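Just below is one structure, and these are the notes that go with it.
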There are 2 protein chains.
Amino acid sequence: MKNSNPLKFKRAVIVGVGLIGSSIARALRERGVVDRIVGVDSDPEILARARKIDVIDDGFSDLKAGVENVDLIILSTPVGALTEICTTLAECAPDGVLIVDVGSVKGVVAEAAKSLPDRIHFVPCHPVAGTEQSGPEAGFATLFENRWCILTPLERSDDAYLDAVKQASVLWTAIGAEVEIMDAAHHDLALAVTSHIPHLIAFTLVGAADDIESVAPGEVVKYSAGGFRDFTRIAASDPVMWRDVFLNNREAVLEVLGRFSEELAVMQRAIRWGDADVLFEAFSRGRSLRRAIVDAGQETDVPNFGRDQSGDTGEED
Amino acid sequence: MKNSNPLKFKRAVIVGVGLIGSSIARALRERGVVDRIVGVDSDPEILARARKIDVIDDGFSDLKAGVENVDLIILSTPVGALTEICTTLAECAPDGVLIVDVGSVKGVVAEAAKSLPDRIHFVPCHPVAGTEQSGPEAGFATLFENRWCILTPLERSDDAYLDAVKQASVLWTAIGAEVEIMDAAHHDLALAVTSHIPHLIAFTLVGAADDIESVAPGEVVKYSAGGFRDFTRIAASDPVMWRDVFLNNREAVLEVLGRFSEELAVMQRAIRWGDADVLFEAFSRGRSLRRAIVDAGQETDVPNFGRDQSGDTGEED
């Protein structure tokens, strides 16, 4: 964590004041990186809620009005909205402004950014962090601490842009993240593996369970501690955000889904034929990978995610 | 919780002193249900460890020696071992003894129990509880609190057996569980949905991620906070236990896996064709089911399973 970083913005605008946007706003404010933060959101109720809890100083439903006089633009909408936003920013964004986004897909963001003139500097970013909750109230300043933020810079090599990439990097570091730079296509494949396919599978399993008529819905709930409940956390994520991810990362998602389906077919066959060795070998791989994730500081080591220890289960609500 | 329950055993034997067996031992001792607890395990090292931490009073590697003079037998081995254990118990178990198991599959347990004479009373049980850890040290007395334990009684209607079913029910209630009675076939289908298929998918996803050469293993670890890490918890479960589950619940698992695969094919097609409405509708189902599970006391309501709040991540190890 850097408390004495030289990065300073006078006025930032957060476009899309949900979980991620409000977490960035809180973190920037807490670290003293920005003097004033305004919000833009198509939903006036969201703006009102964000102002009420002091996540933003002022709110605008109109993007043009919101970006006036800003030196930092943070786009934290679902990725499906970025093309239209870029078209608007091409006209009205102040000269020299730094623009970052938080989209979970990056190839499509590079496409959207093609409409932008070189006088403004869009650095596509993806902080790999979040929770299953939504809305400005769900955000918190420490969300990005010890999480990776991936930057996929555009194909520009002018000094102003390279400087903007550096600024974006310092910005994320200032709010606790580790920064990695890669190209958009590699990002989209890597995140298909570590994020998009896990979400798709979780959504699908929850849907399939819902459909099994012979097992009453009450039983899925009752016996969810057998493993099912683990899937429901990410299956409770924002449906609009995830719809946009899958609409915009089709190729990589279908590729990884193909590999998963192959592996699942191998498992299915092993179960059908009672092949104990194949099952045992496959089931033995999980522990070492989980250990590596825990050792990398990306996961808790407490059994059951600490549910038992905290005693903080639903019955207390 | 019942502190003043009339159930009392003089000498219990726990066959298989792992996570579940040692948790039962601790819970029984803490609630004063049993005077003396002995352990049977094929691994002498496990027995030594369990004695060292006072989970058992005495240990036997031989089942016949272990069941001498007991009035309660708890079978907490992987289900694959139960047929052989039942054959042995048919000869040497004391008259009138209550036998319970903890297997995650129940049809095959009913089959195994067919070798038992009516003078001993086996009540197949499945406490839907556990963690991803293994071994006697991983157990804890509160593991079964507010969790469901499913009883699938054998097809016997004599008074001695009906009384044994009652005793088994009181036993689980005494250590904090809620008891439900159903037939073995229904159990095996319900748990295929809520436990077996989630585990199979988690194991498979972890295996598939391992295989994607174009994404370095380091990246799977780094960006696991995007969703993948949620799957690694149950994928870190005991491989022997889970091999036995899939070898012994083939029919129900293949049935539910078929439904899951159909649903996944629908999602795959929607992604390929860019069908936004199908994706949005499917992704919108997760929140209500998770809410129901939280409300039922089977899950924590804290975002990210509370990983962020506790600060208890791997980097502290």
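Convention: chains lettered A, B, ... in structure tokens order; per-chain residue numbering from 1; ligands numbered from 1 as shown.
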| query | Taking only C-alpha atoms into account, which residues of chain A are within 6 Å of chain B, as a VMD selection string? | reply | chain A and resid 128 131 190 194 to 195 198 203 208 215 220 to 221 224 226 to 228 232 235 to 236 239 243 247 260 274 279 to 280 283 to 284 286 to 287 290 293 to 295 297 299 to 301 303 to 304 312 to 315
| request: Quick one: pick out all alpha helix (DSSP H) residues within segment 28-263 of chain B from a backbone DSSP run and write them as a PyMOL selection string. | output: chain B and resi 28-30+44-52+63-66+82-92+107-113+159-174+184-191+197-211+217-222+228-235+239-248+250-263
| task | Give the strand (DSSP E or B) residues of segment 137-303 of chain B, as assigned by DSSP on the backbone, as a ChimeraX atom specification. | result | /B:148-151,178-181,300
Can you write out the residues you just picked, keeping all heavy atoms, as a CSV table (one decimal), in the first residue's frame?
chain,number,residue,atom,x,y,z
B,148,TRP,N,-28.6,-30.9,8.2
B,148,TRP,CA,-29.5,-32.0,8.1
B,148,TRP,C,-28.8,-33.3,8.2
B,148,TRP,O,-27.8,-33.5,7.6
B,148,TRP,CB,-30.4,-31.8,6.9
B,148,TRP,CG,-31.3,-30.7,7.0
B,148,TRP,CD1,-31.1,-29.4,6.7
B,148,TRP,CD2,-32.6,-30.7,7.5
B,148,TRP,NE1,-32.2,-28.6,7.0
B,148,TRP,CE2,-33.2,-29.4,7.5
B,148,TRP,CE3,-33.5,-31.8,8.1
B,148,TRP,CZ2,-34.4,-29.1,8.0
B,148,TRP,CZ3,-34.7,-31.4,8.5
B,148,TRP,CH2,-35.2,-30.1,8.5
B,149,CYS,N,-29.4,-34.3,8.9
B,149,CYS,CA,-29.0,-35.6,8.8
B,149,CYS,C,-30.1,-36.5,8.3
B,149,CYS,O,-31.2,-36.5,8.8
B,149,CYS,CB,-28.5,-36.2,10.2
B,149,CYS,SG,-27.9,-37.9,10.0
B,150,ILE,N,-29.9,-37.2,7.1
B,150,ILE,CA,-30.9,-37.9,6.5
B,150,ILE,C,-30.8,-39.4,6.9
B,150,ILE,O,-29.7,-40.0,6.8
B,150,ILE,CB,-30.8,-37.8,5.0
B,150,ILE,CG1,-31.0,-36.3,4.6
B,150,ILE,CG2,-31.9,-38.7,4.3
B,150,ILE,CD1,-30.6,-36.1,3.1
B,151,LEU,N,-31.9,-40.0,7.4
B,151,LEU,CA,-31.9,-41.4,7.7
B,151,LEU,C,-32.7,-42.1,6.7
B,151,LEU,O,-33.8,-41.7,6.2
B,151,LEU,CB,-32.6,-41.6,9.1
B,151,LEU,CG,-31.8,-41.5,10.4
B,151,LEU,CD1,-30.9,-40.2,10.4
B,151,LEU,CD2,-32.6,-41.6,11.6
B,178,GLU,N,-30.6,-31.7,12.5
B,178,GLU,CA,-32.0,-31.9,12.2
B,178,GLU,C,-32.1,-33.2,11.4
B,178,GLU,O,-31.4,-33.4,10.5
B,178,GLU,CB,-32.5,-30.8,11.3
B,178,GLU,CG,-32.3,-29.4,11.8
B,178,GLU,CD,-33.5,-28.9,12.6
B,178,GLU,OE1,-34.5,-29.5,12.6
B,178,GLU,OE2,-33.3,-27.8,13.3
B,179,VAL,N,-33.1,-34.0,11.8
B,179,VAL,CA,-33.2,-35.3,11.2
B,179,VAL,C,-34.4,-35.4,10.2
B,179,VAL,O,-35.5,-34.8,10.4
B,179,VAL,CB,-33.4,-36.4,12.3
B,179,VAL,CG1,-33.8,-37.7,11.6
B,179,VAL,CG2,-32.1,-36.5,13.1
B,180,GLU,N,-34.1,-36.0,9.1
B,180,GLU,CA,-35.2,-36.2,8.0
B,180,GLU,C,-35.1,-37.7,7.6
B,180,GLU,O,-34.0,-38.2,7.5
B,180,GLU,CB,-34.8,-35.3,6.8
B,180,GLU,CG,-35.9,-35.3,5.7
B,180,GLU,CD,-36.9,-34.3,5.9
B,180,GLU,OE1,-36.7,-33.3,6.6
B,180,GLU,OE2,-38.0,-34.5,5.4
B,181,ILE,N,-36.3,-38.3,7.4
B,181,ILE,CA,-36.3,-39.7,7.0
B,181,ILE,C,-36.8,-39.8,5.6
B,181,ILE,O,-37.8,-39.2,5.3
B,181,ILE,CB,-37.1,-40.5,8.0
B,181,ILE,CG1,-36.4,-40.6,9.4
B,181,ILE,CG2,-37.4,-42.0,7.5
B,181,ILE,CD1,-37.1,-41.3,10.5
B,300,THR,N,-23.7,-18.5,4.8
B,300,THR,CA,-23.4,-17.2,5.3
B,300,THR,C,-23.9,-16.2,4.4
B,300,THR,O,-24.0,-16.4,3.2
B,300,THR,CB,-21.9,-17.0,5.6
B,300,THR,OG1,-21.6,-15.7,5.9
B,300,THR,CG2,-21.1,-17.3,4.3
| task | Quick one: pull the distance between atom CA of Lys166 of chain B and atom CA of Val105 of chain B, Å, one decimal. | result |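 So the answer is 21.0 Å.
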| task | Write out as JSON, numbers by chain each polymer residue whose atoms come within 10 Å of Leu47 of chain B, counting only C-alpha atoms; drop sequence neighbours fewer than 4 positions from it. | result | {"B": [16, 17, 18, 38, 39, 40, 41, 42, 43, 51, 52, 55, 56, 58, 59, 60, 61, 136]}
How close does segment 99-202 of chain A get to segment 28-31 of chain A? List, as a tab-separated table, each residue of segment 99-202 of chain A within 8 Å, its nearest atom pair and the distance in Å to one decimal, counting only C-alpha atoms.
residue	atom	partner	partner_atom	distance
A:Ala141	CA	A:Glu30	CA	7.3
A:Ala174	CA	A:Arg31	CA	7.1
A:Ile175	CA	A:Leu28	CA	6.6
Output file for the residues above (C-alpha atoms, as a PDB file, in the first residue's frame):
ATOM      1  CA  ALA A 141     -12.538   0.679  -0.084  1.00  0.00           C
ATOM      2  CA  ALA A 174      -2.556   3.401  -5.031  1.00  0.00           C
ATOM      3  CA  ILE A 175      -5.766   1.594  -4.104  1.00  0.00           C
TER       4      ILE A 175
END
| said: I'd like the interatomic distance between atom CA of Thr77 of chain A and atom CA of Val15 of chain A, to a tenth of an Å. | reply: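 According to the coordinates, atom CA of Thr77 of chain A and atom CA of Val15 of chain A are separated by 6.5 Å.
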| task | Do a neighbour search on Ser76 of chain B at 7 Å with only C-alpha atoms, toss out local chain neighbours closer than 4 positions, and write the hits as a VMD selection string. | result | chain B and resid 14 to 16 20 to 21 101 to 102
For the residues in that selection, give me N, CA, C and O atoms as a PDB file, in the first residue's frame.
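What ended up in part-v8.pdb:
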ATOM      1  N   ILE B  14     -15.807 -45.913  16.712  1.00  0.00           N
ATOM      2  CA  ILE B  14     -15.838 -45.136  15.468  1.00  0.00           C
ATOM      3  C   ILE B  14     -14.928 -45.853  14.481  1.00  0.00           C
ATOM      4  O   ILE B  14     -13.716 -45.968  14.726  1.00  0.00           O
ATOM      5  N   VAL B  15     -15.510 -46.342  13.400  1.00  0.00           N
ATOM      6  CA  VAL B  15     -14.713 -47.059  12.400  1.00  0.00           C
ATOM      7  C   VAL B  15     -14.362 -46.067  11.282  1.00  0.00           C
ATOM      8  O   VAL B  15     -15.229 -45.635  10.516  1.00  0.00           O
ATOM      9  N   GLY B  16     -13.089 -45.664  11.224  1.00  0.00           N
ATOM     10  CA  GLY B  16     -12.660 -44.624  10.282  1.00  0.00           C
ATOM     11  C   GLY B  16     -12.588 -43.295  11.000  1.00  0.00           C
ATOM     12  O   GLY B  16     -13.581 -42.586  11.114  1.00  0.00           O
ATOM     13  N   ILE B  20     -15.015 -36.729   9.589  1.00  0.00           N
ATOM     14  CA  ILE B  20     -16.384 -36.947  10.074  1.00  0.00           C
ATOM     15  C   ILE B  20     -16.370 -37.779  11.357  1.00  0.00           C
ATOM     16  O   ILE B  20     -17.001 -37.422  12.356  1.00  0.00           O
ATOM     17  N   GLY B  21     -15.616 -38.886  11.346  1.00  0.00           N
ATOM     18  CA  GLY B  21     -15.550 -39.743  12.528  1.00  0.00           C
ATOM     19  C   GLY B  21     -15.076 -38.991  13.755  1.00  0.00           C
ATOM     20  O   GLY B  21     -15.652 -39.104  14.839  1.00  0.00           O
ATOM     21  N   ASP B 101     -24.103 -45.278   9.930  1.00  0.00           N
ATOM     22  CA  ASP B 101     -22.979 -44.913   9.083  1.00  0.00           C
ATOM     23  C   ASP B 101     -23.141 -43.435   8.718  1.00  0.00           C
ATOM     24  O   ASP B 101     -24.060 -42.764   9.213  1.00  0.00           O
ATOM     25  N   VAL B 102     -22.260 -42.936   7.875  1.00  0.00           N
ATOM     26  CA  VAL B 102     -22.325 -41.522   7.486  1.00  0.00           C
ATOM     27  C   VAL B 102     -22.173 -41.367   5.976  1.00  0.00           C
ATOM     28  O   VAL B 102     -21.907 -40.282   5.467  1.00  0.00           O
TER      29      VAL B 102
END
